[in-house]
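Note sheet for the following structure.
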Amino acid sequence: MLVVAGCGRSDKPPAAAPASSSAPATSQSRLDSGSFGDLTNVCQKADASGKPASGATARGVTDTEIHVGTLTDKGSTIRAGLDKEMFDAAVAFTTWCNSHGGILGRKLVLDDLDAKLFNYNDAITKGCTDDFALVGGGAVFDDADNGQRVQCNLPNIAGFATSPTARRADLQVQPVPNPVDKLPVGSYRAINGIAPDALQHFGIITGNVATTQAVRDQDVEAIEQLGGTVVYSSEFDVVGGVSNWAPFVDDMKNKGVKAFDMVADPQFLQQIQSAMVTANYFPDVTMVNTNYYDTLYAQEGGANAKNTYIRSSFFPLELSDQNPGTADYLALMKQFNPSGKVAQLGIQGTSAWLLFAQAAQACGSQLTAQCLIDKAKVSTWTGGGLHAPTSPGPNTPSPCFLLMKVDGTKFVYDETDTKPTDGKFNCDPANLVTLTKSVPK
Amino acid sequence: MQHFLALTVFGLCTAGVFAVAASGLVLTYTTTGVFNFAHGAIGMLGAFMYWQLHVHWGLPTWLAVLLVLVVFAPALGALLEVGIMRRLQGTSEATQLVVSVSLLAAALSLGLLLWSPQEPHPIEHFWEGSVVHVLGVNVSWHQAFSFGVAVVVALGLRVLLYRTRAGVTMRAGVDDRPLATLNGARPDRSAMLAWAIGCSLAALAGILIAPDLGLQHLVLTLLIVNAYAAAMIGRLRSLSFTFLGAVILGLADAYGAGYLPSGNDYLKGFQSAIPVVILFIVLLALPQSRLRGHTSARSREQYPRPTYRGSLTAVGLLLLGVAIVSTLVTDADAVQLTRLFGFAIIALSLVPLVGYGGQISLCQMSFAGIGAIVFAHNGAAGQPLTLVLVAIVCGTVGAVIALPALRLSGIYLALATAAFAVILDRWIFNLPDFNIGPLKFGFFNQQSVPVHRLHLPGVNPSSERAELVVVAAVFCALAMAVIALRRSRLGERLLAMKDSPAACATLGMGLRVTKVSVFATSAAIAGVGGAVYAGALGTMSAPRFNFFESLPLLLLAVVGGIGSVGGAVFAGTVLYGIPLVTKSWNDLDVPLRALPGLADVGALLALTPGLMGIGLGRNPNGVVRDVAARFTPAIERPRVFIGLGVVLAALVAAVELEAIDGWWFGTLSFVAIFATPTIAPLLDRSGRSRAAKVADVPLEWAGIDRPWTAADVREIDAALALPEGVAR
């Protein structure tokens, strides 16, 4: 449900992380040598001088271990297995990392912090008791945050942050930033190229949940800034579901919606698109967020998805043979957690783990919460090549995006409409806008 | 106009599915008298079964549908009837309701276990892609077909019930079971048939709606709440009115989606609440049900009148136990235990209402939610005086809800409270803040609201353990209040009302005042519980207090024994104890975990509440009573009792000295406590004769005020100068 992936980043060159020679050529040899994508020595027994790190410098840190928690909602009953891919990626990453000696000799001990949607505070309490940091996770209802995490000095290298409260929180670095006042709008700009006057007939639907409503408000402001007009906006009951989407579709048809965005879960888009097939009406463009990049959606609803585009700042899994970082994520999962789920949020989580490993190594024997955050605030970050360059330090999203088109039961990279400027991505600086009126209080 | 026509057609399409689902519900109710809350969950299982056969195993559509509707669903229905429902004869309506709620819980967990939501479950419409043109609107063949099926089902059922021998027998069985039996009917058999057909219809509705809703476990299960309204328009009897009800419902749903202004913040949630609003209105418009005569007298359920001495001892021991435990557990576990008691307070609110008064409520969590909101928005942080305000507000709301309930009883009352709960969930709790005159109303605003813990002066507010003791103390105080209520005049009147409302009315007792006051009291307790519970949660959001949370609450309280305070403790313990046990199990590194199925014991344990509820048919008095009865040999022997105390004290000392860890303490004390009743007679034979002298009630009341025990038999033997054991 409503996992809103940020898009990220700022400067240009995909600056490789800790300076090193080029990484080995195949995924297997890279993983075997402790490298990931264009990052080398991600995990190792000791630093360059051969000394392992030591000292109980913070909660959860000992001479031999670092306890790290990954927050998810995977145990929720309403949406069983939500964000499970992030925990699966964490298992794979920590197992792999430990097989190379961990963080300068300290083994990573993974703690499963399952917020189950409504137990966010419990998960944080547990983290505050046992863990040094939160890495590569996220919780949908993180608006429950009451400052406890910051108070107990639990840094967060976040997989994602959803609510305005969490997106603004201190002691946190987002490898793929998602601040409250800046929004990447490249995909909306691309709508003009796909269907000329569609942006002036925009329709948007979201669930009756505060976090997605906030995202909807931001999208609406951005569309208006770009000269678009929202002609249709409505909400639906997320928990109870909608037994008949036809009235929604009929309304959209009557109001002449030509471009459509749904800020929700893939399952709901699937249902409304099925109703669109029946009504024989389809908007010229359906442009949705990265959380729809889910094989479940393509397999179950792809057949009904006409003119549907997904924006992403991640290198597509479908093109993994063209990108070492993505290939390494797949190889990592296959080798170290073969039953785990492979999905976009898993990649996002892996990016957070890589950033964590790099920052924790840099802190060495002075590993404290503050040091971790300071070292993680790098100005350019690609997660070893998993995604377009972002800048976690200034917490600015990337103007880069690419479009994936839904085709049958698959996603296909849409080069024509992406109009790439930088590899597969379109990184026009105008793709980033500053928001004013929809910035949540 | 075109838009109106379009909406009408859409509404009729949805109505078809509602009608099929609702007529199944009506059929089981008219023929067996059980309102099947699990109807939707069975439909969900049917839809998944269809997916399994058709999509996964590749059987042709017609064969898969046939197998589900003619083989699997009827078999399941028959099995449920024989295995569970048949044993419910002579139990109260609350128990019957809880059994079907348990069935819902069990079916849902089973569905989640068998068909993981992680896997894709693509499902197509029949004749995917083909569209029929109706009044200028495109409708899929599938939807048109659904409507046709609904009409056929309605006509078919009508013929079955009124034109066939089997149908007439079914109806006769409900009207007067003994009379029907005397006339050579076999009510068991027709009940089985009704359940088989009912389940088949549920599955049919599931299969028809699944392509539109997607194969979503919870959503499919929930859909049936909408069908309740249709069934109620048919007054759970008339199939034609049920069909009409489904049409009204479908149309209201479509017009709501089409015409309600989408920009209005106050009406946003109203659309999804339409079916339940209709349900509520229909229930209010129902003619007053006849006062029930003597049903409960035949009931197998009985609860003794609690004594002050016994209750104070139990409450004291509980508090002492909590105080000891609070020093041993981690902060995180202390928080869990605090919630246990918060939840137990909410469960406690059911004891006077359901246990004493025989009024069923499915909206206790909603009262708790209101209590939590009032506590969060008013007064200083965690100020205990705010609880008074909470009690007043919730009590008032409870009294208002009781007004329509005055006319209703049994399942109708349960549905009215369910409708109220769902209206709150879908609409009221999501309203933005507003003012009426000087009063400011604030709700959840669709997000998490921070709640402070209850803060007593002189108690360290940041200590999780202190909070645990405080909340346990609040529970104990309220438990004593409930016991005092049971012993008061109002308590006697409640019991009388439960036994026979008709007799009460005949004797000139005012049922109205009694009903309203018990509803208000219960709501006030639930509100206080909700406030404390939310405080222990730290932040709260509306889904914590929704209708589906009220179901396990009632379920567990009834399983524990709704007529006594112990049932409330049981409810809290199961809900918050199971996760603690699961956690300990998952933390353990034992080879047993490698066995398939035992790795994730949590998934299996999720089935437990449902299974326990289903077992109620066998033992309607609740678990706590059973356990307490088993402890009698220990309680009758002071020496053994003191010995147990010493053993426990030694364990406490050992854990304080860090000789053993908390896990061992838990295991050993558990073993010690539960082994005591078994070994007590071996350790102390003197208990026998002494026990005989213990007479808590005059002998002539034994077996009436409390169950018949072996000691009573011995006492009679002694009085009649017979050798021991003869009177048996």
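Here's how to read the names in the structure tokens: chain A, B, ... by the order shown, residue numbers from 1 in each chain, ligand numbers from 1 in the order shown.
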Surrounding residues of stretch 204-210 of chain A excluding itself and chain neighbours under 2 positions, 8 Å, only C-alpha atoms, as a list of chain:residue names:
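Selected residues are A:Phe202, A:Thr212, A:Gln213, A:Ala214, A:Arg216, A:Val230, A:Tyr232, A:Ser233, A:Ser234, A:Glu235, A:Phe236, A:Asp237, A:Val238, A:Phe260, A:Asp261, A:Met262, A:Val263, A:Ala264, B:Gly269, B:Asn445, B:Gln446, B:Gln447.
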Could you write those residues out with C-alpha atoms, as an mmCIF file, in the first residue's frame?
```cif
data_model
loop_
_atom_site.group_PDB
_atom_site.id
_atom_site.type_symbol
_atom_site.label_atom_id
_atom_site.label_comp_id
_atom_site.auth_asym_id
_atom_site.auth_seq_id
_atom_site.Cartn_x
_atom_site.Cartn_y
_atom_site.Cartn_z
ATOM 1 C CA PHE A 202 -5.618 15.520 -15.185
ATOM 2 C CA THR A 212 -1.195 9.344 0.523
ATOM 3 C CA GLN A 213 -3.394 12.419 0.698
ATOM 4 C CA ALA A 214 -0.273 14.469 1.398
ATOM 5 C CA ARG A 216 -1.662 13.664 -3.723
ATOM 6 C CA VAL A 230 -6.762 18.801 -12.300
ATOM 7 C CA TYR A 232 -11.045 15.126 -11.379
ATOM 8 C CA SER A 233 -9.982 14.154 -7.889
ATOM 9 C CA SER A 234 -11.497 11.565 -5.585
ATOM 10 C CA GLU A 235 -10.784 9.241 -2.690
ATOM 11 C CA PHE A 236 -11.732 5.685 -1.843
ATOM 12 C CA ASP A 237 -11.853 3.426 1.193
ATOM 13 C CA VAL A 238 -8.554 1.573 1.413
ATOM 14 C CA PHE A 260 -4.444 9.852 -14.718
ATOM 15 C CA ASP A 261 -2.480 9.208 -11.543
ATOM 16 C CA MET A 262 -3.405 6.897 -8.704
ATOM 17 C CA VAL A 263 -1.592 7.396 -5.409
ATOM 18 C CA ALA A 264 -2.245 4.003 -3.853
ATOM 19 C CA GLY B 269 -16.059 8.539 4.053
ATOM 20 C CA ASN B 445 -7.893 12.754 10.968
ATOM 21 C CA GLN B 446 -6.718 9.677 9.076
ATOM 22 C CA GLN B 447 -3.410 9.581 10.827
#
```
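Residues of stretch 158-193 of chain A that DSSP, applied to the backbone, places in strand (DSSP E): A:Gln172, A:Val173, A:Lys182, A:Leu183, A:Pro184.
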Output N, CA and C atoms for every residue in that selection, as a CSV table (one decimal), in the first residue's frame.
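Here's the written file result.csv:
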```csv
chain,number,residue,atom,x,y,z
A,172,GLN,N,18.8,11.2,10.4
A,172,GLN,CA,18.4,10.3,9.3
A,172,GLN,C,19.0,10.7,8.0
A,173,VAL,N,19.4,9.7,7.2
A,173,VAL,CA,19.8,10.0,5.9
A,173,VAL,C,19.1,9.1,4.9
A,182,LYS,N,10.5,19.5,-2.1
A,182,LYS,CA,11.0,19.4,-3.5
A,182,LYS,C,10.4,18.2,-4.1
A,183,LEU,N,10.0,18.3,-5.4
A,183,LEU,CA,9.4,17.1,-6.0
A,183,LEU,C,10.0,16.9,-7.4
A,184,PRO,N,10.4,15.7,-7.7
A,184,PRO,CA,10.8,15.5,-9.1
A,184,PRO,C,9.5,15.3,-10.0
```
Just want the 10 Å neighbourhood of stretch 317-331 of chain A, counted on only C-alpha atoms, with same-chain residues fewer than 6 positions away dropped. Output as an NGL selection string. :A and (23-31 or 35-39 or 89 or 92-93 or 293 or 337-338 or 342-344 or 346-347 or 350-351 or 382-387 or 404 or 410-413)
Prev. selection, C-alpha atoms, output as a PDB file, in the first residue's frame:
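Generated output (out03.pdb):
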```
ATOM      1  CA  ALA A  23      35.790  -3.760 -10.010  1.00  0.00           C
ATOM      2  CA  PRO A  24      35.898  -7.316 -11.425  1.00  0.00           C
ATOM      3  CA  ALA A  25      33.881  -8.136 -14.493  1.00  0.00           C
ATOM      4  CA  THR A  26      31.168 -10.577 -13.443  1.00  0.00           C
ATOM      5  CA  SER A  27      28.646 -10.425 -10.652  1.00  0.00           C
ATOM      6  CA  GLN A  28      29.991 -13.616  -9.156  1.00  0.00           C
ATOM      7  CA  SER A  29      33.567 -12.397  -9.072  1.00  0.00           C
ATOM      8  CA  ARG A  30      32.500  -9.002  -7.722  1.00  0.00           C
ATOM      9  CA  LEU A  31      30.481 -10.507  -4.895  1.00  0.00           C
ATOM     10  CA  SER A  35      32.602  -5.619  -4.292  1.00  0.00           C
ATOM     11  CA  PHE A  36      29.148  -4.483  -5.354  1.00  0.00           C
ATOM     12  CA  GLY A  37      28.550  -2.638  -8.626  1.00  0.00           C
ATOM     13  CA  ASP A  38      31.189   0.050  -8.791  1.00  0.00           C
ATOM     14  CA  LEU A  39      31.884  -0.097  -5.052  1.00  0.00           C
ATOM     15  CA  ALA A  89      17.475  -7.802   0.882  1.00  0.00           C
ATOM     16  CA  ALA A  92      21.045 -11.300   1.816  1.00  0.00           C
ATOM     17  CA  PHE A  93      23.237  -8.256   2.324  1.00  0.00           C
ATOM     18  CA  TYR A 293       7.001  -1.359 -10.331  1.00  0.00           C
ATOM     19  CA  ASN A 337      18.494 -15.407   0.071  1.00  0.00           C
ATOM     20  CA  PRO A 338      17.096 -17.433  -2.811  1.00  0.00           C
ATOM     21  CA  VAL A 342      13.121  -9.411  -5.593  1.00  0.00           C
ATOM     22  CA  ALA A 343      11.535  -6.008  -6.106  1.00  0.00           C
ATOM     23  CA  GLN A 344      12.244  -2.329  -6.423  1.00  0.00           C
ATOM     24  CA  GLY A 346      14.644  -4.383  -2.189  1.00  0.00           C
ATOM     25  CA  ILE A 347      16.986  -2.440  -4.460  1.00  0.00           C
ATOM     26  CA  THR A 350      20.245  -2.489  -0.703  1.00  0.00           C
ATOM     27  CA  SER A 351      21.313   1.035  -1.607  1.00  0.00           C
ATOM     28  CA  THR A 382      24.250   5.812  -6.786  1.00  0.00           C
ATOM     29  CA  GLY A 383      24.182   2.722  -4.576  1.00  0.00           C
ATOM     30  CA  GLY A 384      27.003   1.220  -6.584  1.00  0.00           C
ATOM     31  CA  GLY A 385      25.037   1.999  -9.736  1.00  0.00           C
ATOM     32  CA  LEU A 386      21.603   0.778  -8.611  1.00  0.00           C
ATOM     33  CA  HIS A 387      19.967   4.123  -9.322  1.00  0.00           C
ATOM     34  CA  MET A 404       8.783   1.962 -17.664  1.00  0.00           C
ATOM     35  CA  LYS A 410       6.014  -7.243 -18.274  1.00  0.00           C
ATOM     36  CA  PHE A 411       7.581  -3.841 -17.785  1.00  0.00           C
ATOM     37  CA  VAL A 412       9.513  -2.399 -20.684  1.00  0.00           C
ATOM     38  CA  TYR A 413      11.912   0.523 -20.634  1.00  0.00           C
TER      39      TYR A 413
END
```
Closest atom pairs, chain A residues within 6 Å of chain B, only C-alpha atoms, as JSON lines:
```
{"residue": "A:Ala144", "atom": "CA", "partner": "B:Ser448", "partner_atom": "CA", "distance": 5.1}
{"residue": "A:Val209", "atom": "CA", "partner": "B:Gln446", "partner_atom": "CA", "distance": 5.3}
{"residue": "A:Ala210", "atom": "CA", "partner": "B:Gln446", "partner_atom": "CA", "distance": 5.1}
{"residue": "A:Ser234", "atom": "CA", "partner": "B:Ser262", "partner_atom": "CA", "distance": 5.5}
{"residue": "A:Gly240", "atom": "CA", "partner": "B:Val219", "partner_atom": "CA", "distance": 6.0}
{"residue": "A:Gly241", "atom": "CA", "partner": "B:Val219", "partner_atom": "CA", "distance": 5.9}
{"residue": "A:Ser243", "atom": "CA", "partner": "B:Leu213", "partner_atom": "CA", "distance": 5.9}
{"residue": "A:Pro247", "atom": "CA", "partner": "B:Gly258", "partner_atom": "CA", "distance": 5.6}
{"residue": "A:Thr278", "atom": "CA", "partner": "B:Ser140", "partner_atom": "CA", "distance": 5.5}
{"residue": "A:Ala279", "atom": "CA", "partner": "B:Asn138", "partner_atom": "CA", "distance": 5.1}
{"residue": "A:Leu296", "atom": "CA", "partner": "B:Pro120", "partner_atom": "CA", "distance": 5.4}
{"residue": "A:Glu300", "atom": "CA", "partner": "B:Pro122", "partner_atom": "CA", "distance": 4.4}
```
I'd like to know which of A:Ser313, A:Thr129, A:Thr72, A:Gln358 is closest to A:Leu117, using only C-alpha atoms.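 Among A:Ser313, A:Thr129, A:Thr72, A:Gln358, it is A:Thr72 that comes nearest to A:Leu117.
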